[in-house]
Every structure is written in C-alpha cells, then in structure tokens.
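Heads up: the structure comes next, in structure tokens.
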Amino acid sequence: MAHWLVNQSTIADRGVLRPTHIEVDLARLTANYRAIQVHVAPAAVMPILKANAYGHGLVEVARHMQALGAPYLGVAFLEEGILLREAGVTTPILVLGGIIGNQIPLFLEYDLTLTASSVDKLGQIEAAARAMGVRAKVHLKIDTGMERIGVHYYSAAALLEASLACTHFEVEGIFSHFANADMPDPAYSHLQLARFEGVLDFYARRGLPPPPLRHMANSAALARFPQAHFDMVRAGLLLYGVYPSADVPRTVAVRPTLSWKSRVVYFKVVRPGHPVSYGSTWQSDHAVRLVTVPVGYGDGYFRALSNRAEVIIRGRRYPVVGRVCMDQLMVNIEWDSAYNGDEVILLGEDAGGAAVRVEELAEWAGTVPWEILTNVNTRVPRVYRNAGANGRGLTADRRPPTADG
Ligand SMILES: *Cc1c(COP(=O)(O)O)cnc(C)c1O
C-alpha cells in the first residue's frame with residue numbers, strides 16, 4: 001500500500017491535487033542509492049541534488065538521503081545549500097559551483113563546503129574565515145580537461161602549495177570532473193584521470209597524506225571506470241535511475257524514480273481536414289478522437305515534443321499531435337476509447353508495464369535526459385510515494401515551491 005507525501009499546500013489540503021503531477025518513488029531512490037553504494041564500495045556516495053534534485057524536489061530528496069546516512073550532499077549553488085540548511089538538513093553539503101567573493105561569509109554562516117579553484121579564492125576564504133572566527137571547509141577543484149571552473153592540472157601545484165599554508169580552513173577534499181565519460185571512446189577520460197593522478201602525486205612527493213576526500217566520478221564514470229572511484233563518487237542522473245547514454249555499460253541496477261502524470265480533461269472527435277493547435281501543423285485524413293491533457297511547455301513539457309512524443313492512456317501509447325501549448329496538449333487516440341479523468345502517463349510506467357522513458361523524451365525533444373528531468377518546473381506538484389520505505393514518518397510537507405528545476 002503506497003504512502004503519499006504532497007508538497008502543494010492549499011488545494012492539496014482539500015484533497016484536490018492538480019491532475020498534472022510528478023510522483024517520486026522514494027523506495028526506488030533508496031534502492032538506487034544502495035546499489036551505487038555497493039558498486040563503488042569502499043568509496044562513499046555523494047548524492048547530487050542540484051537543480052531541484054533533478055526535478056525530484058530538493059528538500060525532500062535531501063531529507064531522504066540524510067535519513068539513509070549519505071555522508072555528503074552536492075549542490076551547484078550557494079542558494080541551494082542555504083535552502084537545505086533552512087529546511088533543517090545537517091549533512092555536509094558541497095557547493096560544486098564557483099564562488100564570488102562576497103558570498104563567502106554566507107557559506108561559512110550556513111556551514112557549506114566551498115569549492116576553491118584559485119590561490120586568490122583561497123586567500124579570500126582564509127580572510128573571511130579568520131574575520132568570522134570559524135574554520136572553513138574547502139574542496140580544491142582541478143580542471144583536467146573540461147575548461148569550466150578549476151585550476152588547470154598543469155598549474156595546480158601552486159594552489160596545492162598555498163592550501164598547505166592555511167590556518168582558517170581545512171582542505172577536506174580535492175576533485176575534478178569528466179567531460180566525456182558517457183561517450184563511446186574512453187581515451188579522453190583516461191587522459192583526464194591520469195592528469196588528476198598526476199596532480200595528486202604532489203602529496204606523495206612531499207610525504208603528505210592527500211586530502212581525505214578525493215573525487216572525480218559522475219554517473220557515467222562511476223558505472224564505467226572503477227579506477228575513478230577514489231574516496232567518493234558524485235552520483236546524479238544514475239541515482240534517479242537513468243543512465244547517461246546507451247554507451248555506458250549497465251553495471252549498476254537502477255530504476256527510474258520519477259513519473260509524470262496527468263488526466264484527460266476533454267474529449268472530441270476531429271473531422272478530416274481540421275488542423276489541430278497553433279500553427280495548424282497536424283491534421284488527419286480521417287475522423288479521429290482527440291483528448292486534451294492539461295500540461296504544456298509552461299510546466300516544462302518541451303514544445304519540441306510537438307508531433308513527436310507519445311503518452312500512455314489505458315495501457316497504450318498514443319501520439320501527441322499538433323503543437324504543445326503552454327498549458328495543454330492534444331493526443332490522437334484514433335478510434336479507441338478514453339474518458340475524462342483517465343490517467344495520462346507522460347513519463348513513467350503503468351501497472352501493465354507500458355512505459356515512456358526519460359531517454360525517449362530526450363531523443364524526441366533533441367536533448368539529454370538531464371534536461372528532461374530538470375526542466376519540469378515548480379508549477380507541477382510533487383508527490384512522494386513509499387515515504388515509509390526507510391522508516392521515516394509520514395508527514396505532509398507544506399512548504400511553498402522552492403527552486404525551479
Ligand atoms: C552535475 C554534476 C555531477 C553529477 O553528474 P551526473 O552525470 O548527473 O551524475 C557530478 N559532478 C559535478 C561537478 C556536477 O556538476
């Protein structure tokens with residue numbers, strides 16, 4: 001019997017959920033986390049929760065991961081870290097993104113771990129921590145071939161050297177990031193790995209222990225390159241049950257944690273030659289039954305899915321026809337039956353095993369699975385299923401929506 005947690009306030013209080021909603025299966029999230037843990041042991045797993053936990057709900061997923069005993073959480077931005085602290089999350093949190101000088105006091109106030117990638121930033125962290133009389137926690141970021149943030153591997157020695165002289169921060173970690181771990185040819189990943197190991201040699205050469213948390217692997221790399229596990233892996237997409245690409249071997253058994261559902265809100269018969277939706281991009285040469293579904297690109301269902309995507313109604317897949325509107329879309333059920341209130345699965349599985357997968361939506365929309373998940377925005381209420389799966393109580397969450405995904 002499923003237990004439910006709902007995060008939309010007023011109408012949910014009356015038992016009326018928006019027909020369009022997301023269901024997050026917390027039991028699957030637990031199972032995925034455990035499967036990754038087993039795969040990478042003895043390395044630890046840092047769940048990555050940026051962008052509203054890949055659309056799953058930042059605070060709920062963080063609380064769940066904390067209850068599971070995750071040793072560290074990863075977010076992209078300071079603001080995400082603060083939201084978690086204000087929600088009472090006490091697990092260590094690494095902010096993976098770059099820092100701007102005047103943000104440093106907030107990191108320290110909220111006990112968030114900083115990513116430092118230059119001698120200059122280290123100096124700013126040291127000064128702010130000294131002024132506040134606290135000890136900052138820092139992970140050094142090494143760029144081994146992404147050209148995003150991080151000190152280049154070939155000039156990292158100066159940063160590591162400077163970090164040894166600190167008095168008001170602790171270098172708890174050092175990390176890098178793969179650019180191509182989900183692509184067929186592993187050569188560039190191997191090159192990046194060798195560069196990172198070359199940087200770590202700095203410590204061995206001086207007879208010093210490396211920082212306790214060395215980490216490099218994202219989902220693709222943790223599945224594929226055991227030598228990239230180091231002390232911890234950063235699991236994003238895979239934690240949510242989705243593989244980065246068809247080229248990543250299925251070494252960890254995970255299942256998708258998010259479903260996106262709606263209901264039929266209107267039914268009509270459309271005559272041949274009568275085009276459907278904006279731009280009149282689709283029409284039939286015979287009479288068909290169409291149903292209208294109250295979801296659109298204003299919820300994050302890409303307009304690029306127009307005339308491409310399929311949905312599941314009553315166990316069968318049917319095409320989305322005509323342009324996806326901001327708040328509605330139309331589905332051609334040909335001459336089958338569907339009724340107002342029938343469930344429409346936009347993403348996920350039904351009881352009989354019919355499914356629309358994240359990877360399919362990504363392909364239809366011409367994008368990657370990450371963007372499908374993070375694009376579902378906060379107009380769509382999240383419902384949490386199997387909340388009791390790890391022994392947590394069943395409390396309705398009455399927060400207003402937070403960050404957009
Ligand atoms: C987003 C991100 C991850 C997680 O990537 P996935 O491919 O979703 O596992 C890991 N590390 C960094 C630095 C990231 O920005």
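Labels used: A, B, ... for chains in the order of the structure tokens, numbers from 1 for residues in each chain, and numbers from 1 for ligands as shown.
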request  = Please identify the residues whose atoms come within 6 Å of ligand 1, using only C-alpha atoms and all ligand atoms, and report them as a list in words.
outcome  = Ile48, Leu96, His177, Asn218, Ser219, Arg234, Ala235, Gly236 and Leu237 of chain A
Output as a tab-separated table one row per residue of segment 207-308 of chain A within 8 Å of segment 152-174 of chain A: the closest atom pair and its distance in Å to one decimal place, counting only C-alpha atoms, sorted by chain and residue number ascending.
residue	atom	partner	partner_atom	distance
A:Pro211	CA	A:Gly173	CA	5.1
A:Pro212	CA	A:Glu172	CA	5.8
A:Leu213	CA	A:Gly173	CA	4.3
A:Arg214	CA	A:Ile174	CA	5.0
A:His215	CA	A:Ile174	CA	6.6
Residues of the last selection are to be written out with N, CA and C atoms, as a PDB file, in the first residue's frame.
ATOM      1  N   PRO A 211      44.283  15.051   0.642  1.00  0.00           N
ATOM      2  CA  PRO A 211      43.042  15.395   1.338  1.00  0.00           C
ATOM      3  C   PRO A 211      42.165  14.139   1.440  1.00  0.00           C
ATOM      4  N   PRO A 212      41.407  13.995   2.524  1.00  0.00           N
ATOM      5  CA  PRO A 212      40.680  12.733   2.751  1.00  0.00           C
ATOM      6  C   PRO A 212      39.628  12.404   1.680  1.00  0.00           C
ATOM      7  N   LEU A 213      39.077  13.391   1.016  1.00  0.00           N
ATOM      8  CA  LEU A 213      38.047  13.100   0.005  1.00  0.00           C
ATOM      9  C   LEU A 213      38.542  13.490  -1.386  1.00  0.00           C
ATOM     10  N   ARG A 214      39.067  12.482  -2.088  1.00  0.00           N
ATOM     11  CA  ARG A 214      39.421  12.696  -3.499  1.00  0.00           C
ATOM     12  C   ARG A 214      38.253  12.184  -4.330  1.00  0.00           C
ATOM     13  N   HIS A 215      37.729  12.994  -5.245  1.00  0.00           N
ATOM     14  CA  HIS A 215      36.576  12.521  -6.015  1.00  0.00           C
ATOM     15  C   HIS A 215      36.563  13.076  -7.431  1.00  0.00           C
TER      16      HIS A 215
END
key: Distance of atom CA of Ile125 of chain A from atom CA of Ile104 of chain A, expressed in Å to one decimal place   =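 Atom CA of Ile125 of chain A lies 6.5 Å from atom CA of Ile104 of chain A.
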Å distance separating atom CA of Phe202 of chain A from atom CA of Ser117 of chain A, one decimal place =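 Result for atom CA of Phe202 of chain A versus atom CA of Ser117 of chain A: 16.2 Å, one decimal.
Using only C-alpha atoms, the nearest neighbour of Thr378 of chain A within the list A:Asp299, A:Asp350, A:Asp120, A:Asp25 is A:Asp299.
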